[in-house]
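Report on one structure; see the data block that follows.
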Amino acid sequence: AFAGDIRDGLRAELAARAGSGDAWEESTRSVVRSVLEKPNSLAAIQGTLRMSGLFARTATGGRYVDPANAADLAESVRIYTMFPQMPSPMPAPSATPEELRAEMSTRAERMKQSGRDPHTDRHGRVFTHISTPNVSNTIHGVYLTLDATGLLDDIPPALDLFGTKEVEREWVSLRDLRVDSTDDPKPTFISGFIV
């Protein structure tokens, strides 16, 4: 029920934001809204909540964080787009592993020689990472933000997709990823990074 409330809140929040950005932002919101209409979006939201560990039960039977107001979580939504720098031209489907490695190792020099901008595509969209030499999709990461300051006595465990098994938590700050700086983050991200 909580995931359904969040999904309803996300639909309402994204509808309220309609018309408040440029064409790229509108297109991104449209894609996310269409995904939210699919039945499996509930499973994605449930998996996100479970894997965070924030709402997991503690040894005493309570929760690390009581489920927050779903509308507040939905209003906190942030959408980040990862847009890959693709090879041009694309290698043939029959390319050998050696040819694919060669494409990766020579791409920067070939782009320089051809005059292709290594940072943006012909439409001005900024690349966030260098794609492997295969077809990569633009990935939209949908984040629900929760300020847990003062809410936690203990650090909750990271959990698997089913919320049943503890797994090692890997903390990487946005600063470490250089997302919030003027540095070029492409070398930091990898193709297929999915939230």
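Each chain in the structure tokens gets a letter, A, B and so on, in the order shown; residues start at 1 in every chain, and ligands are counted from 1 in the order they appear.
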Practice problem: Determine, counting only C-alpha atoms, which protein, DNA and RNA residues have an atom within 12 Å of an atom of Lys165 of chain A; residues of the same chain fewer than 3 positions away are not included. Present the result as a list in words. | Solution: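 Skipping anything fewer than 3 positions along the chain leaves Arg50, Met51, Gly53, Ala56, Pro157, Ala158, Leu159, Asp160, Leu161, Phe162, Glu168 and Arg169 of chain A.
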Quiz prompt | DSSP-assigned alpha helix (DSSP H) among segment 5-104 of chain A, expressed as a VMD selection string | solution = chain A and resid 5 to 16 23 to 36 41 to 52 70 to 75 97 to 104
Practice problem: Would you mind reading off the distance between atom CA of Phe83 of chain A and atom CA of Phe127 of chain A, one decimal, in Å? | Solution: 5.1 Å
Exercise. Work out how far apart atom CA of Met90 of chain A and atom CA of Pro133 of chain A are and give it in Å to one decimal.
Key: 6.9 Å
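As for atom CA of Ala70 of chain A and atom CA of Asp5 of chain A, they are spaced 5.8 Å apart.
Closest to Leu49 of chain A among A:Val126, A:Val65, A:Leu10, A:Leu100 is A:Val65, based on only C-alpha atoms.
Counting only C-alpha atoms and comparing A:Thr60, A:Ser41, A:Ser76, A:Thr81, the residue that lies closest to Arg29 of chain A is A:Thr81.
Nearest residue to Gln85 of chain A among A:Gly9, A:Pro118, A:Pro156, A:Gly4 is A:Pro118, counting only C-alpha atoms.
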Exercise. Using only C-alpha atoms, find the one residue out of A:Asn69, A:Thr132, A:Ser88, A:Thr138 that sits nearest to Val31 of chain A.
Key: A:Thr138
Exercise. Write out as a ChimeraX atom specification the residues lying within 12 Å of Arg101 of chain A, counting only C-alpha atoms and excluding same-chain residues fewer than 4 positions away.
Key: /A:87,91,95-97,105-107,132-134
With N, CA, C and O atoms retained, write the just-selected residues as a PDB file, in the first residue's frame.
ATOM      1  N   PRO A  87      29.745   5.294 -29.492  1.00  0.00           N
ATOM      2  CA  PRO A  87      30.685   5.236 -30.609  1.00  0.00           C
ATOM      3  C   PRO A  87      30.015   5.752 -31.879  1.00  0.00           C
ATOM      4  O   PRO A  87      28.806   5.630 -32.042  1.00  0.00           O
ATOM      5  N   PRO A  91      30.122  -0.067 -33.937  1.00  0.00           N
ATOM      6  CA  PRO A  91      30.743  -1.286 -34.472  1.00  0.00           C
ATOM      7  C   PRO A  91      29.665  -2.241 -34.981  1.00  0.00           C
ATOM      8  O   PRO A  91      28.531  -2.234 -34.494  1.00  0.00           O
ATOM      9  N   ALA A  95      31.338  -7.646 -34.663  1.00  0.00           N
ATOM     10  CA  ALA A  95      32.668  -7.231 -34.216  1.00  0.00           C
ATOM     11  C   ALA A  95      33.198  -8.189 -33.155  1.00  0.00           C
ATOM     12  O   ALA A  95      32.456  -8.653 -32.285  1.00  0.00           O
ATOM     13  N   THR A  96      34.474  -8.457 -33.244  1.00  0.00           N
ATOM     14  CA  THR A  96      35.111  -9.365 -32.285  1.00  0.00           C
ATOM     15  C   THR A  96      35.402  -8.609 -30.983  1.00  0.00           C
ATOM     16  O   THR A  96      35.426  -7.370 -30.968  1.00  0.00           O
ATOM     17  N   PRO A  97      35.649  -9.330 -29.909  1.00  0.00           N
ATOM     18  CA  PRO A  97      36.022  -8.658 -28.657  1.00  0.00           C
ATOM     19  C   PRO A  97      37.250  -7.759 -28.809  1.00  0.00           C
ATOM     20  O   PRO A  97      37.308  -6.680 -28.226  1.00  0.00           O
ATOM     21  N   SER A 105      39.583   1.992 -26.955  1.00  0.00           N
ATOM     22  CA  SER A 105      40.902   2.593 -26.710  1.00  0.00           C
ATOM     23  C   SER A 105      41.243   3.686 -27.713  1.00  0.00           C
ATOM     24  O   SER A 105      42.089   4.538 -27.429  1.00  0.00           O
ATOM     25  N   THR A 106      40.613   3.680 -28.883  1.00  0.00           N
ATOM     26  CA  THR A 106      40.940   4.688 -29.902  1.00  0.00           C
ATOM     27  C   THR A 106      39.848   5.737 -30.093  1.00  0.00           C
ATOM     28  O   THR A 106      40.004   6.658 -30.896  1.00  0.00           O
ATOM     29  N   ARG A 107      38.746   5.625 -29.374  1.00  0.00           N
ATOM     30  CA  ARG A 107      37.609   6.529 -29.601  1.00  0.00           C
ATOM     31  C   ARG A 107      37.979   7.995 -29.405  1.00  0.00           C
ATOM     32  O   ARG A 107      37.644   8.850 -30.220  1.00  0.00           O
ATOM     33  N   THR A 132      30.208   1.754 -23.449  1.00  0.00           N
ATOM     34  CA  THR A 132      30.924   0.667 -24.093  1.00  0.00           C
ATOM     35  C   THR A 132      30.479   0.635 -25.550  1.00  0.00           C
ATOM     36  O   THR A 132      29.472   1.257 -25.902  1.00  0.00           O
ATOM     37  N   PRO A 133      31.206  -0.068 -26.425  1.00  0.00           N
ATOM     38  CA  PRO A 133      30.857  -0.043 -27.841  1.00  0.00           C
ATOM     39  C   PRO A 133      29.654  -0.921 -28.182  1.00  0.00           C
ATOM     40  O   PRO A 133      29.733  -1.834 -28.986  1.00  0.00           O
ATOM     41  N   ASN A 134      28.563  -0.655 -27.554  1.00  0.00           N
ATOM     42  CA  ASN A 134      27.302  -1.312 -27.884  1.00  0.00           C
ATOM     43  C   ASN A 134      26.201  -0.267 -27.740  1.00  0.00           C
ATOM     44  O   ASN A 134      26.452   0.842 -27.299  1.00  0.00           O
TER      45      ASN A 134
END
Quiz item: Using only C-alpha atoms, which of A:Met82, A:Met104, A:Ile139, A:Leu144 sits nearest Ile6 of chain A?
Solution: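 Looking at the shortest contact to Ile6 of chain A, the residue is A:Leu144.
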Exercise. Name the residues of segment 47-163 of chain A that come out as strand (DSSP E) in a backbone DSSP run; write them as an NGL selection string.
Key: :A and (78-82 or 84-85 or 129-130 or 139-143 or 158-159)
